[in-house]
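**Student:** For reference, the file structure-v4.tsv (TSV, C-alpha atoms) is included below:
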```tsv
chain	number	residue	atom	x	y	z
Z	1	MET	CA	15.23	47.73	24.69
Z	2	SER	CA	13.72	50.37	22.42
Z	3	ASP	CA	14.74	54.04	22.66
Z	4	GLU	CA	17.91	53.20	24.58
Z	5	ARG	CA	21.07	55.21	23.98
Z	6	ILE	CA	23.61	52.53	23.19
Z	7	VAL	CA	27.17	51.71	22.20
Z	8	ILE	CA	27.67	48.62	20.02
Z	9	LEU	CA	30.70	46.36	20.35
Z	10	ALA	CA	31.85	45.07	16.94
Z	11	HIS	CA	35.62	44.67	17.32
Z	12	GLU	CA	37.42	43.62	14.14
Z	13	LYS	CA	34.11	42.75	12.43
Z	14	PHE	CA	32.40	46.01	11.42
Z	15	PRO	CA	30.59	46.17	9.12
Z	16	ASP	CA	30.63	43.01	7.01
Z	17	ARG	CA	30.81	40.46	9.84
Z	18	ALA	CA	28.73	42.36	12.38
Z	19	LYS	CA	25.25	41.16	11.44
Z	20	THR	CA	23.76	41.86	14.86
Z	21	ALA	CA	25.20	45.37	14.97
Z	22	LEU	CA	23.89	46.23	11.51
Z	23	GLY	CA	20.48	44.72	12.22
Z	24	VAL	CA	20.02	46.83	15.34
Z	25	MET	CA	21.29	49.95	13.56
Z	26	ARG	CA	18.97	49.49	10.59
Z	27	TYR	CA	15.80	48.33	12.26
Z	28	GLY	CA	15.96	49.05	15.99
Z	29	ASP	CA	14.64	52.10	17.82
Z	30	GLN	CA	17.88	52.45	19.78
Z	31	ASP	CA	19.98	55.60	19.48
Z	32	VAL	CA	23.49	54.38	18.58
Z	33	ARG	CA	26.06	56.76	20.09
Z	34	ALA	CA	29.19	54.90	18.94
Z	35	VAL	CA	30.54	51.62	17.55
Z	36	LEU	CA	33.55	49.87	19.06
Z	37	ASP	CA	35.96	48.42	16.51
Z	38	ARG	CA	39.67	48.66	17.23
Z	39	ASP	CA	40.45	48.03	13.55
Z	40	ARG	CA	38.27	50.92	12.33
Z	41	ALA	CA	38.87	53.42	15.15
Z	42	GLY	CA	38.85	56.97	13.84
Z	43	ASP	CA	36.41	56.19	11.05
Z	44	ARG	CA	32.70	56.88	11.12
Z	45	VAL	CA	29.84	54.48	10.50
Z	46	GLY	CA	28.88	56.47	7.41
Z	47	ASP	CA	32.27	55.74	5.87
Z	48	HIS	CA	31.27	52.09	5.61
Z	49	VAL	CA	27.46	51.87	5.78
Z	50	PRO	CA	25.56	54.71	4.09
Z	51	ASP	CA	22.00	53.70	4.93
Z	52	VAL	CA	22.07	53.89	8.75
Z	53	ALA	CA	22.45	56.77	11.21
Z	54	ASP	CA	26.04	57.95	11.44
Z	55	ALA	CA	28.13	57.57	14.59
Z	56	PRO	CA	31.82	57.55	15.49
Z	57	ILE	CA	33.84	54.34	15.48
Z	58	VAL	CA	36.18	54.22	18.47
Z	59	GLU	CA	38.62	51.83	20.07
Z	60	SER	CA	37.16	51.40	23.56
Z	61	PHE	CA	34.02	51.85	25.61
Z	62	ASP	CA	35.73	54.58	27.64
Z	63	GLU	CA	36.26	56.58	24.44
Z	64	ALA	CA	32.66	56.00	23.38
Z	65	TYR	CA	31.36	57.07	26.78
Z	66	ALA	CA	33.42	60.25	26.69
Z	67	ALA	CA	32.34	61.05	23.12
Z	68	ALA	CA	28.70	60.70	24.19
Z	69	ASP	CA	29.28	62.89	27.28
Z	70	GLY	CA	28.25	59.94	29.42
Z	71	ASP	CA	24.80	59.83	27.83
Z	72	VAL	CA	24.72	56.05	27.34
Z	73	ASP	CA	22.28	53.46	28.71
Z	74	ALA	CA	23.71	50.17	27.46
Z	75	LEU	CA	26.48	48.34	25.66
Z	76	TYR	CA	25.26	45.89	23.02
Z	77	ILE	CA	27.49	43.03	21.88
Z	78	GLY	CA	26.91	43.31	18.16
Z	79	ILE	CA	28.86	40.31	16.88
Z	80	ALA	CA	28.44	36.59	17.36
Z	81	PRO	CA	31.32	34.24	16.52
Z	82	ILE	CA	30.56	30.71	15.31
Z	83	GLY	CA	29.52	28.87	18.45
Z	84	GLY	CA	28.47	32.09	20.20
Z	85	GLY	CA	31.41	32.26	22.61
Z	86	PHE	CA	32.70	35.26	24.57
Z	87	ASP	CA	36.03	36.70	23.40
Z	88	GLU	CA	38.18	37.65	26.39
Z	89	SER	CA	39.47	40.67	24.46
Z	90	TRP	CA	36.01	42.19	24.99
Z	91	ARG	CA	36.13	41.92	28.79
Z	92	GLY	CA	37.68	45.36	29.36
Z	93	ASP	CA	34.91	47.10	27.43
Z	94	VAL	CA	32.19	45.08	29.14
Z	95	GLU	CA	33.59	45.83	32.59
Z	96	ALA	CA	34.00	49.52	31.72
Z	97	ALA	CA	30.36	49.69	30.64
Z	98	ILE	CA	29.17	48.06	33.86
Z	99	GLU	CA	31.32	50.39	35.97
Z	100	ALA	CA	29.83	53.37	34.10
Z	101	GLY	CA	26.36	52.23	35.14
Z	102	CYS	CA	25.34	50.80	31.77
Z	103	ASP	CA	23.45	47.58	31.11
Z	104	VAL	CA	25.07	45.01	28.82
Z	105	VAL	CA	22.91	43.27	26.22
Z	106	SER	CA	24.30	40.11	24.65
Z	107	GLY	CA	23.06	37.66	22.03
Z	108	LEU	CA	25.81	35.11	22.64
Z	109	HIS	CA	25.31	31.48	23.54
Z	110	TYR	CA	27.69	32.31	26.40
Z	111	PHE	CA	25.55	33.84	29.15
Z	112	LEU	CA	27.06	36.86	30.86
Z	113	ASN	CA	24.95	36.21	33.94
Z	114	GLU	CA	26.74	32.89	34.43
Z	115	ASN	CA	30.12	34.64	34.66
Z	116	GLU	CA	30.55	35.13	38.39
Z	117	GLU	CA	32.90	38.10	38.08
Z	118	LEU	CA	30.71	40.00	35.62
Z	119	ALA	CA	27.53	39.16	37.52
Z	120	ALA	CA	29.06	40.38	40.79
Z	121	LEU	CA	30.27	43.59	39.13
Z	122	ALA	CA	26.83	44.20	37.63
Z	123	ASP	CA	25.20	43.66	41.01
Z	124	GLU	CA	27.66	46.07	42.62
Z	125	HIS	CA	26.81	48.80	40.13
Z	126	GLY	CA	23.07	48.10	39.94
Z	127	VAL	CA	22.94	47.27	36.22
Z	128	ASP	CA	21.47	44.40	34.23
Z	129	LEU	CA	23.22	41.79	32.15
Z	130	VAL	CA	20.65	40.87	29.50
Z	131	ASP	CA	21.22	37.50	27.82
Z	132	VAL	CA	18.69	37.62	25.00
Z	133	ARG	CA	19.47	34.06	23.96
Z	134	GLU	CA	18.16	32.68	27.25
Z	135	PRO	CA	14.87	30.91	26.43
Z	136	ASP	CA	11.69	31.17	28.44
Z	137	ASP	CA	11.74	28.62	31.24
Z	138	ASP	CA	8.21	27.28	30.66
Z	139	LEU	CA	8.52	26.02	27.09
Z	140	THR	CA	7.14	22.64	26.09
Z	141	VAL	CA	6.26	20.65	22.97
Z	142	ALA	CA	4.00	21.99	20.23
Z	143	THR	CA	0.32	21.08	20.26
Z	144	GLY	CA	-0.70	22.27	16.80
Z	145	ALA	CA	-2.22	25.48	18.19
Z	146	SER	CA	-0.47	27.56	15.53
Z	147	GLY	CA	-3.01	26.24	13.06
Z	148	ASP	CA	-5.82	27.91	15.02
Z	149	VAL	CA	-4.55	31.50	15.11
Z	150	ASP	CA	-6.59	34.06	13.16
Z	151	ALA	CA	-3.64	35.56	11.31
Z	152	ASP	CA	-2.20	34.21	8.09
Z	153	VAL	CA	1.37	33.06	8.68
Z	154	VAL	CA	4.30	33.47	6.31
Z	155	CYS	CA	7.72	32.06	7.17
Z	156	THR	CA	11.00	33.13	5.58
Z	157	VAL	CA	13.16	30.13	4.72
Z	158	GLY	CA	16.68	30.08	3.37
Z	159	THR	CA	19.04	28.37	1.00
Z	160	ASP	CA	21.77	28.90	3.62
Z	161	CYS	CA	22.62	30.83	6.78
Z	162	SER	CA	23.26	34.57	6.48
Z	163	VAL	CA	21.27	35.13	3.32
Z	164	GLY	CA	18.96	37.79	4.78
Z	165	LYS	CA	15.97	36.02	6.33
Z	166	MET	CA	15.62	38.50	9.21
Z	167	THR	CA	16.08	41.48	6.90
Z	168	ALA	CA	13.53	40.10	4.45
Z	169	SER	CA	11.05	39.48	7.29
Z	170	LEU	CA	11.35	43.03	8.61
Z	171	GLU	CA	11.15	44.58	5.14
Z	172	ILE	CA	8.08	42.48	4.30
Z	173	VAL	CA	6.36	43.68	7.48
Z	174	ALA	CA	7.20	47.30	6.70
Z	175	ALA	CA	6.01	47.03	3.07
Z	176	ALA	CA	2.83	45.24	4.10
Z	177	ARG	CA	2.02	47.94	6.63
Z	178	GLU	CA	2.65	50.63	4.03
Z	179	ARG	CA	-0.02	48.83	2.03
Z	180	GLY	CA	-2.47	48.93	4.93
Z	181	ILE	CA	-2.05	45.31	6.00
Z	182	ASP	CA	-1.87	44.68	9.74
Z	183	ALA	CA	1.38	42.72	9.72
Z	184	ALA	CA	3.73	41.81	12.57
Z	185	PHE	CA	7.23	40.40	12.89
Z	186	VAL	CA	7.84	37.22	14.92
Z	187	PRO	CA	11.53	37.15	15.99
Z	188	THR	CA	13.32	33.84	16.44
Z	189	GLY	CA	16.98	34.94	16.69
Z	190	GLN	CA	19.06	37.13	18.94
Z	191	THR	CA	19.23	40.13	16.60
Z	192	GLY	CA	15.50	40.09	15.94
Z	193	ILE	CA	14.88	39.93	19.68
Z	194	MET	CA	17.19	42.91	20.27
Z	195	ILE	CA	15.28	44.86	17.62
Z	196	ALA	CA	11.76	43.89	18.65
Z	197	GLY	CA	12.26	43.57	22.41
Z	198	TRP	CA	10.59	40.15	22.61
Z	199	GLY	CA	10.78	36.69	21.08
Z	200	ASN	CA	12.19	33.22	21.60
Z	201	PRO	CA	15.82	32.39	20.62
Z	202	ILE	CA	15.03	29.16	18.80
Z	203	ASP	CA	18.63	28.02	18.36
Z	204	ARG	CA	19.01	27.90	22.14
Z	205	VAL	CA	15.82	25.95	22.85
Z	206	VAL	CA	15.84	22.23	23.73
Z	207	SER	CA	15.21	20.38	20.47
Z	208	ASP	CA	11.90	18.86	21.57
Z	209	PHE	CA	10.59	22.35	22.39
Z	210	THR	CA	11.63	24.32	19.29
Z	211	ALA	CA	8.28	23.98	17.52
Z	212	GLY	CA	6.51	24.72	20.79
Z	213	ALA	CA	8.54	27.90	21.30
Z	214	VAL	CA	7.42	29.18	17.89
Z	215	GLU	CA	3.86	28.13	18.60
Z	216	ASP	CA	3.85	30.06	21.89
Z	217	MET	CA	4.74	33.28	20.07
Z	218	LEU	CA	2.10	32.81	17.40
Z	219	VAL	CA	-0.58	32.09	19.99
Z	220	GLU	CA	0.48	35.22	21.88
Z	221	VAL	CA	0.04	37.59	18.93
Z	222	GLY	CA	-1.82	35.68	16.23
Z	223	ASP	CA	-5.31	36.93	17.02
Z	224	ALA	CA	-4.22	40.59	17.09
Z	225	HIS	CA	-2.97	40.84	13.49
Z	226	ASP	CA	-3.90	39.78	9.98
Z	227	LEU	CA	-0.42	38.67	8.86
Z	228	LEU	CA	2.48	37.26	10.87
Z	229	VAL	CA	5.93	37.05	9.30
Z	230	VAL	CA	8.04	34.48	11.12
Z	231	GLU	CA	11.80	34.99	10.97
Z	232	GLY	CA	13.44	31.84	9.66
Z	233	GLN	CA	16.83	30.49	10.74
Z	234	GLY	CA	19.47	28.40	9.01
Z	235	SER	CA	18.60	26.18	6.07
Z	236	ILE	CA	17.01	22.79	5.71
Z	237	ILE	CA	20.15	21.48	3.99
Z	238	HIS	CA	22.62	22.97	6.46
Z	239	PRO	CA	24.84	20.26	7.97
Z	240	ALA	CA	24.82	21.98	11.38
Z	241	TYR	CA	21.62	24.03	11.71
Z	242	SER	CA	18.88	22.19	9.82
Z	243	ALA	CA	17.13	21.10	13.04
Z	244	VAL	CA	16.40	24.74	13.93
Z	245	THR	CA	15.00	25.35	10.44
Z	246	CYS	CA	12.65	22.39	10.67
Z	247	GLY	CA	11.48	23.32	14.16
Z	248	ILE	CA	10.49	26.82	13.02
Z	249	LEU	CA	8.80	25.51	9.86
Z	250	HIS	CA	6.67	22.97	11.71
Z	251	GLY	CA	6.04	25.12	14.78
Z	252	SER	CA	4.78	28.03	12.69
Z	253	MET	CA	2.48	25.82	10.60
Z	254	ALA	CA	3.03	28.46	7.93
Z	255	ASP	CA	0.46	29.17	5.23
Z	256	GLY	CA	3.13	30.44	2.84
Z	257	LEU	CA	6.92	30.57	2.48
Z	258	VAL	CA	9.32	33.20	1.18
Z	259	LEU	CA	12.57	31.65	-0.05
Z	260	CYS	CA	15.67	33.75	0.68
Z	261	HIS	CA	18.95	33.36	-1.20
Z	262	ALA	CA	22.24	35.22	-1.64
Z	263	ALA	CA	23.13	35.95	-5.25
Z	264	GLY	CA	26.14	33.95	-6.38
Z	265	ARG	CA	26.15	31.63	-3.34
Z	266	GLU	CA	26.98	28.11	-4.52
Z	267	ALA	CA	28.13	26.35	-1.34
Z	268	VAL	CA	27.17	26.40	2.33
Z	269	HIS	CA	28.97	29.30	3.99
Z	270	GLY	CA	31.64	27.92	6.29
Z	271	TYR	CA	31.00	24.40	5.00
Z	272	GLU	CA	32.16	24.85	1.44
Z	273	SER	CA	32.41	21.12	0.74
Z	274	PHE	CA	28.58	21.10	0.74
Z	275	SER	CA	27.13	22.48	-2.51
Z	276	LEU	CA	23.77	24.22	-2.58
Z	277	PRO	CA	20.96	22.46	-4.48
Z	278	SER	CA	19.13	24.23	-7.30
Z	279	ILE	CA	16.42	26.75	-6.44
Z	280	GLU	CA	13.81	24.36	-7.79
Z	281	GLU	CA	15.05	21.63	-5.43
Z	282	TYR	CA	14.73	24.00	-2.47
Z	283	VAL	CA	11.12	24.68	-3.37
Z	284	ASP	CA	10.38	20.97	-3.41
Z	285	LEU	CA	12.30	20.39	-0.16
Z	286	TYR	CA	10.54	23.11	1.82
Z	287	GLU	CA	7.08	22.48	0.47
Z	288	GLY	CA	7.48	18.72	0.95
Z	289	LEU	CA	8.72	19.11	4.51
Z	290	ALA	CA	5.91	21.48	5.44
Z	291	ALA	CA	3.13	19.40	3.88
Z	292	PRO	CA	2.62	16.73	6.58
Z	293	VAL	CA	1.97	19.49	9.13
Z	294	ARG	CA	0.35	22.14	6.91
Z	295	GLU	CA	0.26	22.62	3.15
Z	296	ALA	CA	2.42	25.64	2.32
Z	297	SER	CA	3.75	26.92	-1.00
Z	298	VAL	CA	6.68	29.19	-1.75
Z	299	VAL	CA	4.79	32.38	-2.65
Z	300	ALA	CA	7.73	34.77	-3.24
Z	301	GLY	CA	11.50	35.07	-3.20
Z	302	ALA	CA	13.96	37.45	-1.54
Z	303	LEU	CA	17.37	37.70	-3.20
Z	304	ASN	CA	20.27	39.30	-1.36
Z	305	THR	CA	22.34	41.13	-4.01
Z	306	LYS	CA	24.65	43.10	-1.71
Z	307	ASP	CA	27.71	41.55	-3.37
Z	308	VAL	CA	26.51	42.53	-6.86
Z	309	ALA	CA	27.87	46.01	-7.56
Z	310	ASP	CA	26.03	46.77	-10.79
Z	311	ASP	CA	22.33	47.62	-10.53
Z	312	GLY	CA	21.59	46.08	-13.91
Z	313	ALA	CA	23.31	42.82	-12.99
Z	314	ALA	CA	21.42	42.78	-9.71
Z	315	ALA	CA	18.10	43.27	-11.51
Z	316	ASP	CA	18.96	40.43	-13.88
Z	317	ALA	CA	19.81	38.17	-10.91
Z	318	VAL	CA	16.48	38.96	-9.27
Z	319	ALA	CA	14.63	38.24	-12.51
Z	320	ASP	CA	16.40	34.90	-12.93
Z	321	PHE	CA	15.64	34.02	-9.31
Z	322	GLY	CA	11.96	34.82	-9.78
Z	323	ASP	CA	11.87	32.74	-12.96
Z	324	ALA	CA	13.38	29.77	-11.13
Z	325	LEU	CA	10.81	30.11	-8.37
Z	326	GLY	CA	7.86	30.91	-10.61
Z	327	THR	CA	6.86	33.65	-8.15
Z	328	PRO	CA	7.44	37.38	-7.62
Z	329	ALA	CA	10.92	38.16	-6.30
Z	330	ALA	CA	12.93	41.17	-5.16
Z	331	ASP	CA	15.97	42.25	-3.24
Z	332	PRO	CA	14.06	43.72	-0.28
Z	333	VAL	CA	16.90	46.15	0.57
Z	334	ARG	CA	17.80	47.27	-2.93
Z	335	ASP	CA	14.31	47.21	-4.42
Z	336	GLY	CA	11.93	47.24	-1.48
Z	337	ALA	CA	9.69	44.33	-0.58
Z	338	GLU	CA	6.57	45.37	-2.48
Z	339	ALA	CA	6.90	42.58	-5.05
Z	340	ILE	CA	7.26	40.04	-2.25
Z	341	VAL	CA	4.10	41.38	-0.64
Z	342	ASP	CA	2.42	41.05	-4.05
Z	343	GLY	CA	3.21	37.33	-3.94
Z	344	ILE	CA	1.79	37.05	-0.44
Z	345	VAL	CA	-1.39	38.93	-1.41
Z	346	ASP	CA	-1.79	36.95	-4.63
Z	347	ALA	CA	-1.69	33.77	-2.55
Z	348	GLY	CA	-4.54	35.12	-0.41
Z	349	LEU	CA	-2.43	35.31	2.74
Z	350	SER	CA	-2.56	38.95	3.73
Z	351	GLY	CA	-5.94	39.57	5.31
Z	352	GLU	CA	-5.92	42.59	3.02
Z	353	THR	CA	-9.69	42.90	2.89
Z	354	ALA	CA	-9.89	43.16	6.67
Z	355	ALA	CA	-7.02	45.64	6.71
Z	356	ALA	CA	-8.71	47.84	4.15
Z	357	ASP	CA	-11.77	47.96	6.40
Z	358	GLY	CA	-9.76	49.50	9.19
Z	359	GLY	CA	-8.02	46.54	10.79
Z	360	ALA	CA	-4.53	47.89	10.27
Z	361	THR	CA	-2.55	50.04	12.65
Z	362	ASP	CA	0.62	52.02	12.19
Z	363	GLU	CA	2.05	50.89	15.52
Z	364	GLY	CA	4.21	47.88	16.23
Z	365	ALA	CA	5.64	47.26	12.77
Z	366	VAL	CA	8.55	45.50	14.38
Z	367	ASP	CA	7.18	44.58	17.79
Z	368	GLY	CA	4.39	42.21	16.82
Z	369	ARG	CA	2.63	42.00	20.17
Z	370	ALA	CA	-0.79	43.55	20.57
Z	371	GLY	CA	-0.61	47.22	21.46
Z	372	GLY	CA	2.95	47.67	20.15
Z	373	GLU	CA	4.49	47.03	23.57
```
Any chance you could put this one into structure tokens?
**Tutor:**
Amino acid sequence: MSDERIVILAHEKFPDRAKTALGVMRYGDQDVRAVLDRDRAGDRVGDHVPDVADAPIVESFDEAYAAADGDVDALYIGIAPIGGGFDESWRGDVEAAIEAGCDVVSGLHYFLNENEELAALADEHGVDLVDVREPDDDLTVATGASGDVDADVVCTVGTDCSVGKMTASLEIVAAARERGIDAAFVPTGQTGIMIAGWGNPIDRVVSDFTAGAVEDMLVEVGDAHDLLVVEGQGSIIHPAYSAVTCGILHGSMADGLVLCHAAGREAVHGYESFSLPSIEEYVDLYEGLAAPVREASVVAGALNTKDVADDGAAADAVADFGDALGTPAADPVRDGAEAIVDGIVDAGLSGETAAADGGATDEGAVDGRAGGE
């Protein structure tokens, strides 16, 4: 998926509710030629998101294709409604992309390849429908093999959904590599897979196989790097998604945990009748749940302060979060992830000695597989 020239569909959601779109734009190697959002048509990406490459926002794929002079390889569906369904209002853009000879890449639970009309149209025009949430077909239960990989393993865990676990994971990898540590990202969700070009979509895997799906990825790459950062999903207290969280935690057999939280969040997003526990309770919950499989401590914290306008207030929130954890903490976007890497190194989980002796490489900061494939 890397180096593609793409258009991203984000109708009525860009930028605040287009997590997949923003993830690809910030961290992917794709060249974004335009964003589709009928509510923002006429604007530019830079009007709303200053820290990504600029591109026009247009109403339809046909407009995007014309603006790019036809120089487009794929349409990415950059939003994912609760439940991961396909919105019929997107069909015209998807069909237009197929008819223009472009692949369509989707992270929905709804598989485009199972839509007979779209599949037939794609076949007619010789393009691919890529359902990144389709798991490998040979997954099975975990065996405990994650505990035998050479790399140290750190897993990002959250107080809730949408608090920045993927972002924290990618920023940690980048900061670790800047420090000379041979670190790699292990993607477990659709956006991470779109960015990295590989991975297992854990929330689509049969429950018995979730830990095994994580284990398979660690076994694949764990002897080629010194540090693996596993992208967490959901939250252990989430009334809908806690099973995914537990599967990743146990399948990774993590050596250390980075707790991710959104500043000011007090209730489960979308389930506001469920209050969030204290930060100290989360530490006990995650460490206690990990312990029967592998002892793992929370070694650092990542605080998402995007909704805190004032830099001083954001710094105070990070400091309070670190105090509650008793570990280094940072907002990895606002501050960089160096302090988080400090926590990982201080816990002895970085393989930093080996990296300093020449084990690190500049390639594959996002794609964790050996050789940077």
**Student:** Residues within 9 Å of Phe111 of chain Z, please, as a list of chain:residue names. Count all atoms listed in the file; anything in the same chain fewer than 6 positions from it doesn't count.
**Tutor:**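 Final neighbour list, sorted by chain and number: Z:Gly85, Z:Phe86, Z:Leu129, Z:Val130, Z:Asp131, Z:Val132, Z:Arg133, Z:Glu134.
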**Student:** Around segment 162-169 of chain Z, with edges along x, y and z and 4 Å added on all six sides, what centre and edge lengths do you get, in Å to one decimal, as JSON?
**Tutor:**
```
{"center_x": 17.2, "center_y": 38.0, "center_z": 6.3, "size_x": 20.2, "size_y": 14.9, "size_z": 13.9}
```
**Student:** Between atom CA of Asp307 of chain Z and atom CA of Gly46 of chain Z, what is the spacing in Å?
**Tutor:**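 Computing the Euclidean distance for atom CA of Gly46 of chain Z and atom CA of Asp307 of chain Z yields 18.4 Å.
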**Student:** As a count of residues only, please: the residues near Glu220 of chain Z (cut-off 12 Å, all atoms listed in the file, same-chain neighbours under 4 positions excluded).
**Tutor:** 21
**Student:** Which distance in Å separates atom CA of Tyr110 of chain Z and atom CA of Tyr65 of chain Z, to one decimal?
**Tutor:**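 The value is 25.0 Å.
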**Student:** If we draw a sphere of 6 Å around (7.4, 32.2, -4.8), which residues have at least one atom in it when counting only C-alpha atoms? Please report them as a ChimeraX atom specification.
**Tutor:** /Z:298-301,325-328
**Student:** With all atoms listed in the file as the basis for distance, which of Z:Cys161, Z:Ala254, Z:Val173, Z:Val58 is at the shortest distance from Ile237 of chain Z?
**Tutor:**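 Closest candidate: Z:Cys161.
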**Student:** Would you please work out which residue, of Z:Gly348, Z:Pro277, Z:Gly42, Z:Gly222, is nearest to Gly147 of chain Z when using only C-alpha atoms?
**Tutor:**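 Ranked by minimum distance to Gly147 of chain Z, first place goes to Z:Gly222.
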**Student:** With all atoms listed in the file as the atoms that count, which of Z:Ile82, Z:Ala34, Z:Ala18, Z:Leu112 lies nearest to Ile98 of chain Z?
**Tutor:**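 Checking each candidate against Ile98 of chain Z, we get Z:Leu112 as the closest.
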**Student:** My list of candidates is Z:Gly234, Z:Val318, Z:Leu227, Z:Ile172. Which is closest to Ala337 of chain Z when distances are computed with all atoms listed in the file?
**Tutor:**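 Answer, going by the shortest atom-to-atom distance: Z:Ile172.
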**Student:** Contacts of Asp331 of chain Z at 8 Å or less, counting only C-alpha atoms, minus same-chain residues fewer than 2 places along, as a list in words?
**Tutor:**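 Returned residues: Ala302, Leu303, Asn304, Thr305, Val318, Ala329, Val333, Arg334, Asp335, Gly336 and Ala337 of chain Z.
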**Student:** If we count only C-alpha atoms, what is near Val49 of chain Z at a cut-off of 12 Å, once residues fewer than 6 positions away on the same chain are taken out, given as a PyMOL selection string?
**Tutor:** chain Z and resi 14-16+18+21-23+25-26+43+55+57+306
**Student:** State, in Å with one decimal place, the distance from atom CA of Gly212 of chain Z to atom CA of Leu139 of chain Z.
**Tutor:**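 It comes out at 6.7 Å.
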**Student:** Write segment 173-187 of chain Z as an mmCIF file, in the frame of the given file, completed to N, CA and C atoms.
**Tutor:**
```cif
data_model
loop_
_atom_site.group_PDB
_atom_site.id
_atom_site.type_symbol
_atom_site.label_atom_id
_atom_site.label_comp_id
_atom_site.auth_asym_id
_atom_site.auth_seq_id
_atom_site.Cartn_x
_atom_site.Cartn_y
_atom_site.Cartn_z
ATOM 1 N N VAL Z 173 7.297 43.076 6.526
ATOM 2 C CA VAL Z 173 6.360 43.680 7.480
ATOM 3 C C VAL Z 173 6.175 45.160 7.180
ATOM 4 N N ALA Z 174 7.284 45.868 6.962
ATOM 5 C CA ALA Z 174 7.200 47.300 6.700
ATOM 6 C C ALA Z 174 6.429 47.582 5.410
ATOM 7 N N ALA Z 175 6.703 46.816 4.349
ATOM 8 C CA ALA Z 175 6.010 47.030 3.070
ATOM 9 C C ALA Z 175 4.533 46.671 3.178
ATOM 10 N N ALA Z 176 4.232 45.619 3.920
ATOM 11 C CA ALA Z 176 2.830 45.240 4.100
ATOM 12 C C ALA Z 176 2.069 46.320 4.850
ATOM 13 N N ARG Z 177 2.689 46.888 5.864
ATOM 14 C CA ARG Z 177 2.020 47.940 6.630
ATOM 15 C C ARG Z 177 1.834 49.205 5.803
ATOM 16 N N GLU Z 178 2.814 49.496 4.950
ATOM 17 C CA GLU Z 178 2.650 50.630 4.030
ATOM 18 C C GLU Z 178 1.428 50.417 3.141
ATOM 19 N N ARG Z 179 1.107 49.179 2.893
ATOM 20 C CA ARG Z 179 -0.020 48.830 2.030
ATOM 21 C C ARG Z 179 -1.335 48.762 2.799
ATOM 22 N N GLY Z 180 -1.271 48.965 4.111
ATOM 23 C CA GLY Z 180 -2.470 48.930 4.930
ATOM 24 C C GLY Z 180 -2.792 47.589 5.525
ATOM 25 N N ILE Z 181 -1.858 46.646 5.435
ATOM 26 C CA ILE Z 181 -2.050 45.310 6.000
ATOM 27 C C ILE Z 181 -1.520 45.295 7.426
ATOM 28 N N ASP Z 182 -2.282 44.759 8.336
ATOM 29 C CA ASP Z 182 -1.870 44.680 9.740
ATOM 30 C C ASP Z 182 -0.928 43.494 9.898
ATOM 31 N N ALA Z 183 0.352 43.761 9.692
ATOM 32 C CA ALA Z 183 1.380 42.720 9.720
ATOM 33 C C ALA Z 183 2.258 42.885 10.949
ATOM 34 N N ALA Z 184 2.838 41.778 11.411
ATOM 35 C CA ALA Z 184 3.730 41.810 12.570
ATOM 36 C C ALA Z 184 4.877 40.833 12.371
ATOM 37 N N PHE Z 185 5.990 41.165 12.968
ATOM 38 C CA PHE Z 185 7.230 40.400 12.890
ATOM 39 C C PHE Z 185 7.330 39.472 14.096
ATOM 40 N N VAL Z 186 7.676 38.203 13.843
ATOM 41 C CA VAL Z 186 7.840 37.220 14.920
ATOM 42 C C VAL Z 186 9.322 36.842 14.963
ATOM 43 N N PRO Z 187 10.074 37.354 15.957
ATOM 44 C CA PRO Z 187 11.530 37.150 15.990
ATOM 45 C C PRO Z 187 11.909 35.805 16.603
#
```
